[in-house]
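Below is one structure, written out as structure tokens; comments come after it.
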Amino acid sequence: MNTISKPYNLVARMMHWAIALLIFWAIALGLVAEGMPNSPDKIELFVLHKSAGFTVLILAIVRLFWRLAHPPAPPGLPPLKEKLASAGHWGLYLLMLAVPLSGWLLNSTAGYPFAWFNLISVPHIPGLDNGSRDFFSSLHEYLFYIIALMVAGHIAMLVLHKLLDGISLLPRMLPGKSLVSASALSLALVLLIGFTFYQAEKASPDSGDVPVTTQLPTAAAAQQEVNKSDSPRWEMVATPDNFNFNNSYAGQPFTGAIRQFTPAIYFDPADPENGIIDVTINTQSITTNNKDWDGTIKGSQWFATEAHPEAHYLSRDIRKENGKFIADGELTLKGMTKPISVTFSWQESNGEARFIGSATIDRRDFEIGSGSWATNASVAYEVELVIDLKLMKQTN
């Protein structure tokens, strides 16, 4: 004869099913997103995956303290089976903490900005670097498979306890009448997983990295266009991270850098109209400070660095305005030339100068992020360039 053991309290039951649904949803999101090509839709699914996992972590902590304060009634199993069931439950609690925590660690080492459901920024765990990324990636993957097996085993034991021990354990955890609760929970799970596959199915396929044949003018060719100025020539003193850019990913800001560039600046602050700013940029040196993204941005949908290894900025139109200087010039990037204005300040002393400038470009003007990226602002359209150069006057 089947018996039904005393149910858990309502709070425990509600948290149990909220966590269960989120775990199933997170698993589906992770599996589907992992198999998708790089696209805004993939980013959105991973944001949902991380958000579901982070919610599980918070709820699991609350659930654990609630259980310690409100221990459930014994399930009525034989003593040995009851001990094994308890061990299994505590193992699940441990995994409900470990899996999302490992994901948070992975996200922190990878340097991905993350906002919970695009609403609340979640900080990186401090003290980690990108060198441990592969370890946490493997850990998260293995723990994922373990919790999937544990959940499957948890469900299987419910069936076995009913068949072998005559004890119905599922009703003690359902939040209401068995049939209605089971149907509602099943429907919720189907809707969540259905939404996941719908998002993946409607995703616009990206064209991939197709060959691009247009070539950007080389630095030598660009330099030939520069008319020498009577103004002093200034060259950069090499310092790290003096050409950065600010953007955002899924609503969270990040800073990248251009590591290799060659500025030739002819400038006299007393005679800005005769100045020239000529900068050649090695596009393969552009970094987001994240190795996953850096592997993507070299492709044809982004900077197409193989076909366009250099970009070039040239200004012969410099004026002073409101205490600062404005250089109106043209930026040639990815085979396209657009007007760009750079606002800068100039500090000069004893043959050395400091150039502090900024500019804003719209990545869509240069097809940086084409295909489905062109109409999706998960990577923000506006990019702020920040330049801080230490320069030395050339005497020759």
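Chain lettering (A, B, ...) mirrors the order of the structure tokens, residue numbering begins at 1 for each chain separately, and ligand numbering begins at 1 in order of display.
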Between segment 242-295 of chain A and segment 43-51 of chain A, at 12 Å or less, what are the per-residue closest atom pairs and their distances in Å? Count only C-alpha atoms, order by chain and rising residue number, and return it as a tab-separated table.
residue	atom	partner	partner_atom	distance
A:Tyr249	CA	A:Ile43	CA	8.9
A:Ala250	CA	A:Ile43	CA	7.6
A:Gly251	CA	A:Val47	CA	10.7
A:Gln252	CA	A:Val47	CA	11.4
A:Trp293	CA	A:Ile43	CA	11.6
>> When DSSP is applied to the backbone of this structure, which of segment 150-334 of chain A are assigned alpha helix (DSSP H)? Write them out as a ChimeraX atom specification.
In response: /A:150-160,178-202,219-224,291-297
> Skipping near chain neighbours, those fewer than 4 positions away, what residues fall within 9 Å of segment 338-354 of chain A using only C-alpha atoms, listed as a PyMOL selection string?
Replying inline: chain A and resi 234+269+313+315+323-333+358-361+365-366+385+387-394
>> From a backbone DSSP assignment, name each residue in segment 266-328 of chain A labelled strand (DSSP E or B), as a VMD selection string.
In response: chain A and resid 266 276 to 282 286 to 287 310 to 321 324 to 328
Store the residues picked out above in a file with N, CA, C and O atoms, as an mmCIF file, in the first residue's frame.
data_model
loop_
_atom_site.group_PDB
_atom_site.id
_atom_site.type_symbol
_atom_site.label_atom_id
_atom_site.label_comp_id
_atom_site.auth_asym_id
_atom_site.auth_seq_id
_atom_site.Cartn_x
_atom_site.Cartn_y
_atom_site.Cartn_z
ATOM 1 N N TYR A 266 52.462 66.981 -36.190
ATOM 2 C CA TYR A 266 53.108 68.258 -36.462
ATOM 3 C C TYR A 266 52.225 69.321 -35.814
ATOM 4 O O TYR A 266 51.089 69.547 -36.249
ATOM 5 N N ILE A 276 49.257 69.046 -38.265
ATOM 6 C CA ILE A 276 48.837 67.796 -38.931
ATOM 7 C C ILE A 276 48.906 66.673 -37.905
ATOM 8 O O ILE A 276 49.873 66.558 -37.144
ATOM 9 N N ILE A 277 47.874 65.861 -37.882
ATOM 10 C CA ILE A 277 47.877 64.638 -37.063
ATOM 11 C C ILE A 277 47.712 63.455 -37.999
ATOM 12 O O ILE A 277 46.714 63.360 -38.732
ATOM 13 N N ASP A 278 48.685 62.572 -37.993
ATOM 14 C CA ASP A 278 48.708 61.426 -38.908
ATOM 15 C C ASP A 278 48.988 60.166 -38.080
ATOM 16 O O ASP A 278 50.070 60.030 -37.511
ATOM 17 N N VAL A 279 48.014 59.285 -37.987
ATOM 18 C CA VAL A 279 48.147 58.109 -37.126
ATOM 19 C C VAL A 279 47.849 56.847 -37.921
ATOM 20 O O VAL A 279 46.807 56.749 -38.586
ATOM 21 N N THR A 280 48.767 55.901 -37.865
ATOM 22 C CA THR A 280 48.560 54.580 -38.471
ATOM 23 C C THR A 280 48.356 53.562 -37.354
ATOM 24 O O THR A 280 49.126 53.522 -36.396
ATOM 25 N N ILE A 281 47.318 52.752 -37.488
ATOM 26 C CA ILE A 281 46.923 51.798 -36.445
ATOM 27 C C ILE A 281 47.044 50.376 -36.973
ATOM 28 O O ILE A 281 46.571 50.073 -38.080
ATOM 29 N N ASN A 282 47.680 49.520 -36.189
ATOM 30 C CA ASN A 282 47.725 48.091 -36.491
ATOM 31 C C ASN A 282 46.453 47.468 -35.934
ATOM 32 O O ASN A 282 46.291 47.318 -34.728
ATOM 33 N N ILE A 286 44.366 45.453 -31.812
ATOM 34 C CA ILE A 286 43.189 45.873 -31.054
ATOM 35 C C ILE A 286 42.768 44.744 -30.119
ATOM 36 O O ILE A 286 42.620 43.590 -30.535
ATOM 37 N N THR A 287 42.599 45.065 -28.852
ATOM 38 C CA THR A 287 42.235 44.047 -27.876
ATOM 39 C C THR A 287 41.101 44.535 -26.987
ATOM 40 O O THR A 287 41.025 45.719 -26.651
ATOM 41 N N GLU A 310 45.644 47.508 -41.358
ATOM 42 C CA GLU A 310 45.927 48.850 -40.864
ATOM 43 C C GLU A 310 44.702 49.749 -40.997
ATOM 44 O O GLU A 310 43.885 49.590 -41.908
ATOM 45 N N ALA A 311 44.605 50.687 -40.073
ATOM 46 C CA ALA A 311 43.654 51.788 -40.178
ATOM 47 C C ALA A 311 44.462 53.081 -40.161
ATOM 48 O O ALA A 311 45.626 53.093 -39.744
ATOM 49 N N HIS A 312 43.840 54.168 -40.616
ATOM 50 C CA HIS A 312 44.611 55.405 -40.742
ATOM 51 C C HIS A 312 43.722 56.610 -40.431
ATOM 52 O O HIS A 312 42.581 56.699 -40.893
ATOM 53 N N TYR A 313 44.265 57.513 -39.605
ATOM 54 C CA TYR A 313 43.571 58.775 -39.311
ATOM 55 C C TYR A 313 44.462 59.926 -39.752
ATOM 56 O O TYR A 313 45.668 59.956 -39.450
ATOM 57 N N LEU A 314 43.867 60.899 -40.456
ATOM 58 C CA LEU A 314 44.631 62.035 -40.953
ATOM 59 C C LEU A 314 43.809 63.304 -40.783
ATOM 60 O O LEU A 314 42.652 63.377 -41.218
ATOM 61 N N SER A 315 44.406 64.301 -40.123
ATOM 62 C CA SER A 315 43.757 65.601 -39.964
ATOM 63 C C SER A 315 44.726 66.698 -40.345
ATOM 64 O O SER A 315 45.865 66.747 -39.855
ATOM 65 N N ARG A 316 44.270 67.607 -41.224
ATOM 66 C CA ARG A 316 45.003 68.833 -41.549
ATOM 67 C C ARG A 316 44.199 70.065 -41.137
ATOM 68 O O ARG A 316 44.519 71.176 -41.548
ATOM 69 N N ASP A 317 43.153 69.823 -40.379
ATOM 70 C CA ASP A 317 42.235 70.908 -40.015
ATOM 71 C C ASP A 317 42.122 70.954 -38.491
ATOM 72 O O ASP A 317 41.295 70.245 -37.894
ATOM 73 N N ILE A 318 42.968 71.751 -37.851
ATOM 74 C CA ILE A 318 43.007 71.826 -36.392
ATOM 75 C C ILE A 318 42.730 73.265 -35.975
ATOM 76 O O ILE A 318 43.287 74.216 -36.543
ATOM 77 N N ARG A 319 41.886 73.423 -34.980
ATOM 78 C CA ARG A 319 41.534 74.761 -34.491
ATOM 79 C C ARG A 319 41.425 74.734 -32.973
ATOM 80 O O ARG A 319 41.266 73.671 -32.357
ATOM 81 N N LYS A 320 41.514 75.924 -32.382
ATOM 82 C CA LYS A 320 41.349 76.060 -30.947
ATOM 83 C C LYS A 320 39.947 76.563 -30.658
ATOM 84 O O LYS A 320 39.451 77.476 -31.315
ATOM 85 N N GLU A 321 39.315 75.954 -29.662
ATOM 86 C CA GLU A 321 37.945 76.304 -29.337
ATOM 87 C C GLU A 321 37.685 76.030 -27.860
ATOM 88 O O GLU A 321 37.879 74.902 -27.393
ATOM 89 N N LYS A 324 40.383 74.299 -25.757
ATOM 90 C CA LYS A 324 40.893 73.012 -26.243
ATOM 91 C C LYS A 324 41.081 73.079 -27.751
ATOM 92 O O LYS A 324 40.653 74.038 -28.413
ATOM 93 N N PHE A 325 41.682 72.028 -28.284
ATOM 94 C CA PHE A 325 41.910 71.951 -29.720
ATOM 95 C C PHE A 325 40.999 70.883 -30.315
ATOM 96 O O PHE A 325 40.726 69.857 -29.689
ATOM 97 N N ILE A 326 40.543 71.140 -31.519
ATOM 98 C CA ILE A 326 39.687 70.190 -32.235
ATOM 99 C C ILE A 326 40.334 69.886 -33.579
ATOM 100 O O ILE A 326 40.609 70.800 -34.367
ATOM 101 N N ALA A 327 40.574 68.600 -33.815
ATOM 102 C CA ALA A 327 41.154 68.154 -35.078
ATOM 103 C C ALA A 327 40.063 67.469 -35.896
ATOM 104 O O ALA A 327 39.575 66.389 -35.518
ATOM 105 N N ASP A 328 39.660 68.098 -36.976
ATOM 106 C CA ASP A 328 38.692 67.490 -37.892
ATOM 107 C C ASP A 328 39.468 66.715 -38.951
ATOM 108 O O ASP A 328 40.273 67.299 -39.690
#
> Expressed in Å to a single decimal, how great is the separation between atom CA of His154 of chain A and atom CA of Leu185 of chain A?
Replying inline: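 Pair atom CA of His154 of chain A / atom CA of Leu185 of chain A returns 16.7 Å.
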> Suppose you want the space between atom CA of Tyr381 of chain A and atom CA of Ile258 of chain A; what is it in Å?
Replying inline: 18.2 Å
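Put simply, atom CA of Ala73 of chain A is 9.6 Å away from atom CA of Asn9 of chain A.
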> What lies within 12 Å of Met157 of chain A using only C-alpha atoms, ignoring chain neighbours under 6 positions off, as a VMD selection string?
Replying inline: chain A and resid 77 81 to 82 84 to 85 88 to 89 150 to 151 163 to 165 167 to 170
With N, CA, C and O atoms kept, could you save the residues just selected as a PDB file, in the first residue's frame?
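What follows is the written file out32.pdb:
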ATOM      1  N   LEU A  77      11.223   6.257   5.276  1.00  0.00           N
ATOM      2  CA  LEU A  77      11.926   5.186   4.578  1.00  0.00           C
ATOM      3  C   LEU A  77      12.632   4.277   5.584  1.00  0.00           C
ATOM      4  O   LEU A  77      12.831   4.671   6.738  1.00  0.00           O
ATOM      5  N   LYS A  81      18.050   3.464   3.808  1.00  0.00           N
ATOM      6  CA  LYS A  81      17.628   4.268   2.662  1.00  0.00           C
ATOM      7  C   LYS A  81      17.418   5.730   3.058  1.00  0.00           C
ATOM      8  O   LYS A  81      17.667   6.643   2.266  1.00  0.00           O
ATOM      9  N   GLU A  82      16.977   5.941   4.283  1.00  0.00           N
ATOM     10  CA  GLU A  82      16.781   7.310   4.741  1.00  0.00           C
ATOM     11  C   GLU A  82      18.128   8.040   4.842  1.00  0.00           C
ATOM     12  O   GLU A  82      18.242   9.217   4.495  1.00  0.00           O
ATOM     13  N   LEU A  84      20.810   7.287   3.073  1.00  0.00           N
ATOM     14  CA  LEU A  84      21.286   7.509   1.704  1.00  0.00           C
ATOM     15  C   LEU A  84      20.541   8.668   1.041  1.00  0.00           C
ATOM     16  O   LEU A  84      21.141   9.477   0.320  1.00  0.00           O
ATOM     17  N   ALA A  85      19.231   8.745   1.301  1.00  0.00           N
ATOM     18  CA  ALA A  85      18.443   9.848   0.742  1.00  0.00           C
ATOM     19  C   ALA A  85      18.923  11.182   1.289  1.00  0.00           C
ATOM     20  O   ALA A  85      19.047  12.176   0.553  1.00  0.00           O
ATOM     21  N   GLY A  88      22.112  12.126  -0.372  1.00  0.00           N
ATOM     22  CA  GLY A  88      21.844  12.609  -1.719  1.00  0.00           C
ATOM     23  C   GLY A  88      21.336  14.040  -1.720  1.00  0.00           C
ATOM     24  O   GLY A  88      21.730  14.863  -2.560  1.00  0.00           O
ATOM     25  N   HIS A  89      20.460  14.360  -0.754  1.00  0.00           N
ATOM     26  CA  HIS A  89      19.935  15.719  -0.666  1.00  0.00           C
ATOM     27  C   HIS A  89      21.043  16.722  -0.360  1.00  0.00           C
ATOM     28  O   HIS A  89      21.109  17.798  -0.970  1.00  0.00           O
ATOM     29  N   MET A 150      22.851  13.954 -10.941  1.00  0.00           N
ATOM     30  CA  MET A 150      22.240  13.934  -9.611  1.00  0.00           C
ATOM     31  C   MET A 150      20.740  14.239  -9.686  1.00  0.00           C
ATOM     32  O   MET A 150      19.938  13.611  -9.000  1.00  0.00           O
ATOM     33  N   VAL A 151      20.374  15.198 -10.515  1.00  0.00           N
ATOM     34  CA  VAL A 151      18.948  15.529 -10.670  1.00  0.00           C
ATOM     35  C   VAL A 151      18.207  14.344 -11.277  1.00  0.00           C
ATOM     36  O   VAL A 151      17.103  13.995 -10.832  1.00  0.00           O
ATOM     37  N   LEU A 163       7.729   2.449  -5.994  1.00  0.00           N
ATOM     38  CA  LEU A 163       7.569   1.072  -6.464  1.00  0.00           C
ATOM     39  C   LEU A 163       8.061   0.051  -5.446  1.00  0.00           C
ATOM     40  O   LEU A 163       7.410  -0.986  -5.220  1.00  0.00           O
ATOM     41  N   LEU A 164       9.198   0.322  -4.809  1.00  0.00           N
ATOM     42  CA  LEU A 164       9.815  -0.677  -3.930  1.00  0.00           C
ATOM     43  C   LEU A 164       9.419  -0.527  -2.467  1.00  0.00           C
ATOM     44  O   LEU A 164       9.317  -1.520  -1.743  1.00  0.00           O
ATOM     45  N   ASP A 165       9.217   0.745  -2.049  1.00  0.00           N
ATOM     46  CA  ASP A 165       8.926   0.969  -0.628  1.00  0.00           C
ATOM     47  C   ASP A 165       7.491   1.365  -0.368  1.00  0.00           C
ATOM     48  O   ASP A 165       7.070   1.467   0.798  1.00  0.00           O
ATOM     49  N   ILE A 167       6.108   4.251  -0.822  1.00  0.00           N
ATOM     50  CA  ILE A 167       6.020   5.581  -0.222  1.00  0.00           C
ATOM     51  C   ILE A 167       6.051   6.634  -1.331  1.00  0.00           C
ATOM     52  O   ILE A 167       6.975   6.661  -2.147  1.00  0.00           O
ATOM     53  N   SER A 168       5.024   7.487  -1.371  1.00  0.00           N
ATOM     54  CA  SER A 168       4.956   8.558  -2.360  1.00  0.00           C
ATOM     55  C   SER A 168       5.607   9.806  -1.773  1.00  0.00           C
ATOM     56  O   SER A 168       5.039  10.437  -0.870  1.00  0.00           O
ATOM     57  N   LEU A 169       6.787  10.121  -2.273  1.00  0.00           N
ATOM     58  CA  LEU A 169       7.524  11.260  -1.734  1.00  0.00           C
ATOM     59  C   LEU A 169       7.245  12.558  -2.494  1.00  0.00           C
ATOM     60  O   LEU A 169       7.429  13.645  -1.936  1.00  0.00           O
ATOM     61  N   LEU A 170       6.803  12.458  -3.730  1.00  0.00           N
ATOM     62  CA  LEU A 170       6.587  13.672  -4.521  1.00  0.00           C
ATOM     63  C   LEU A 170       5.531  14.592  -3.920  1.00  0.00           C
ATOM     64  O   LEU A 170       5.750  15.804  -3.845  1.00  0.00           O
TER      65      LEU A 170
END
> Neighbours of segment 124-128 of chain A within 7 Å (only C-alpha atoms; same-chain residues fewer than 5 positions away dropped), as a list in words?
Replying inline: Leu105, Ser108 and Thr109 of chain A
>> Show me, as a list in words, the residues that have an atom within 7 Å of segment 21-36 of chain A when counting only C-alpha atoms, minus same-chain residues fewer than 6 positions from it.
In response: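 Everything that qualifies: Lys42, Leu45, Phe46, His49, Ala52, Gly53, Val56, Leu189, Leu192, Ile193 and Thr196 of chain A.
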> Using only C-alpha atoms, which of A:Asn376, A:Ile155, A:Ser39, A:Asn130 sits nearest Tyr112 of chain A?
Replying inline: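 Result for the nearest residue to Tyr112 of chain A: A:Asn130.
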>> Which residue is closest to Ser229 of chain A? Choose from A:Gly194, A:Gly275, A:Gly103, A:Pro75 and count only C-alpha atoms.
In response: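 When distances to Ser229 of chain A are compared using only C-alpha atoms, the smallest one comes from A:Gly275.
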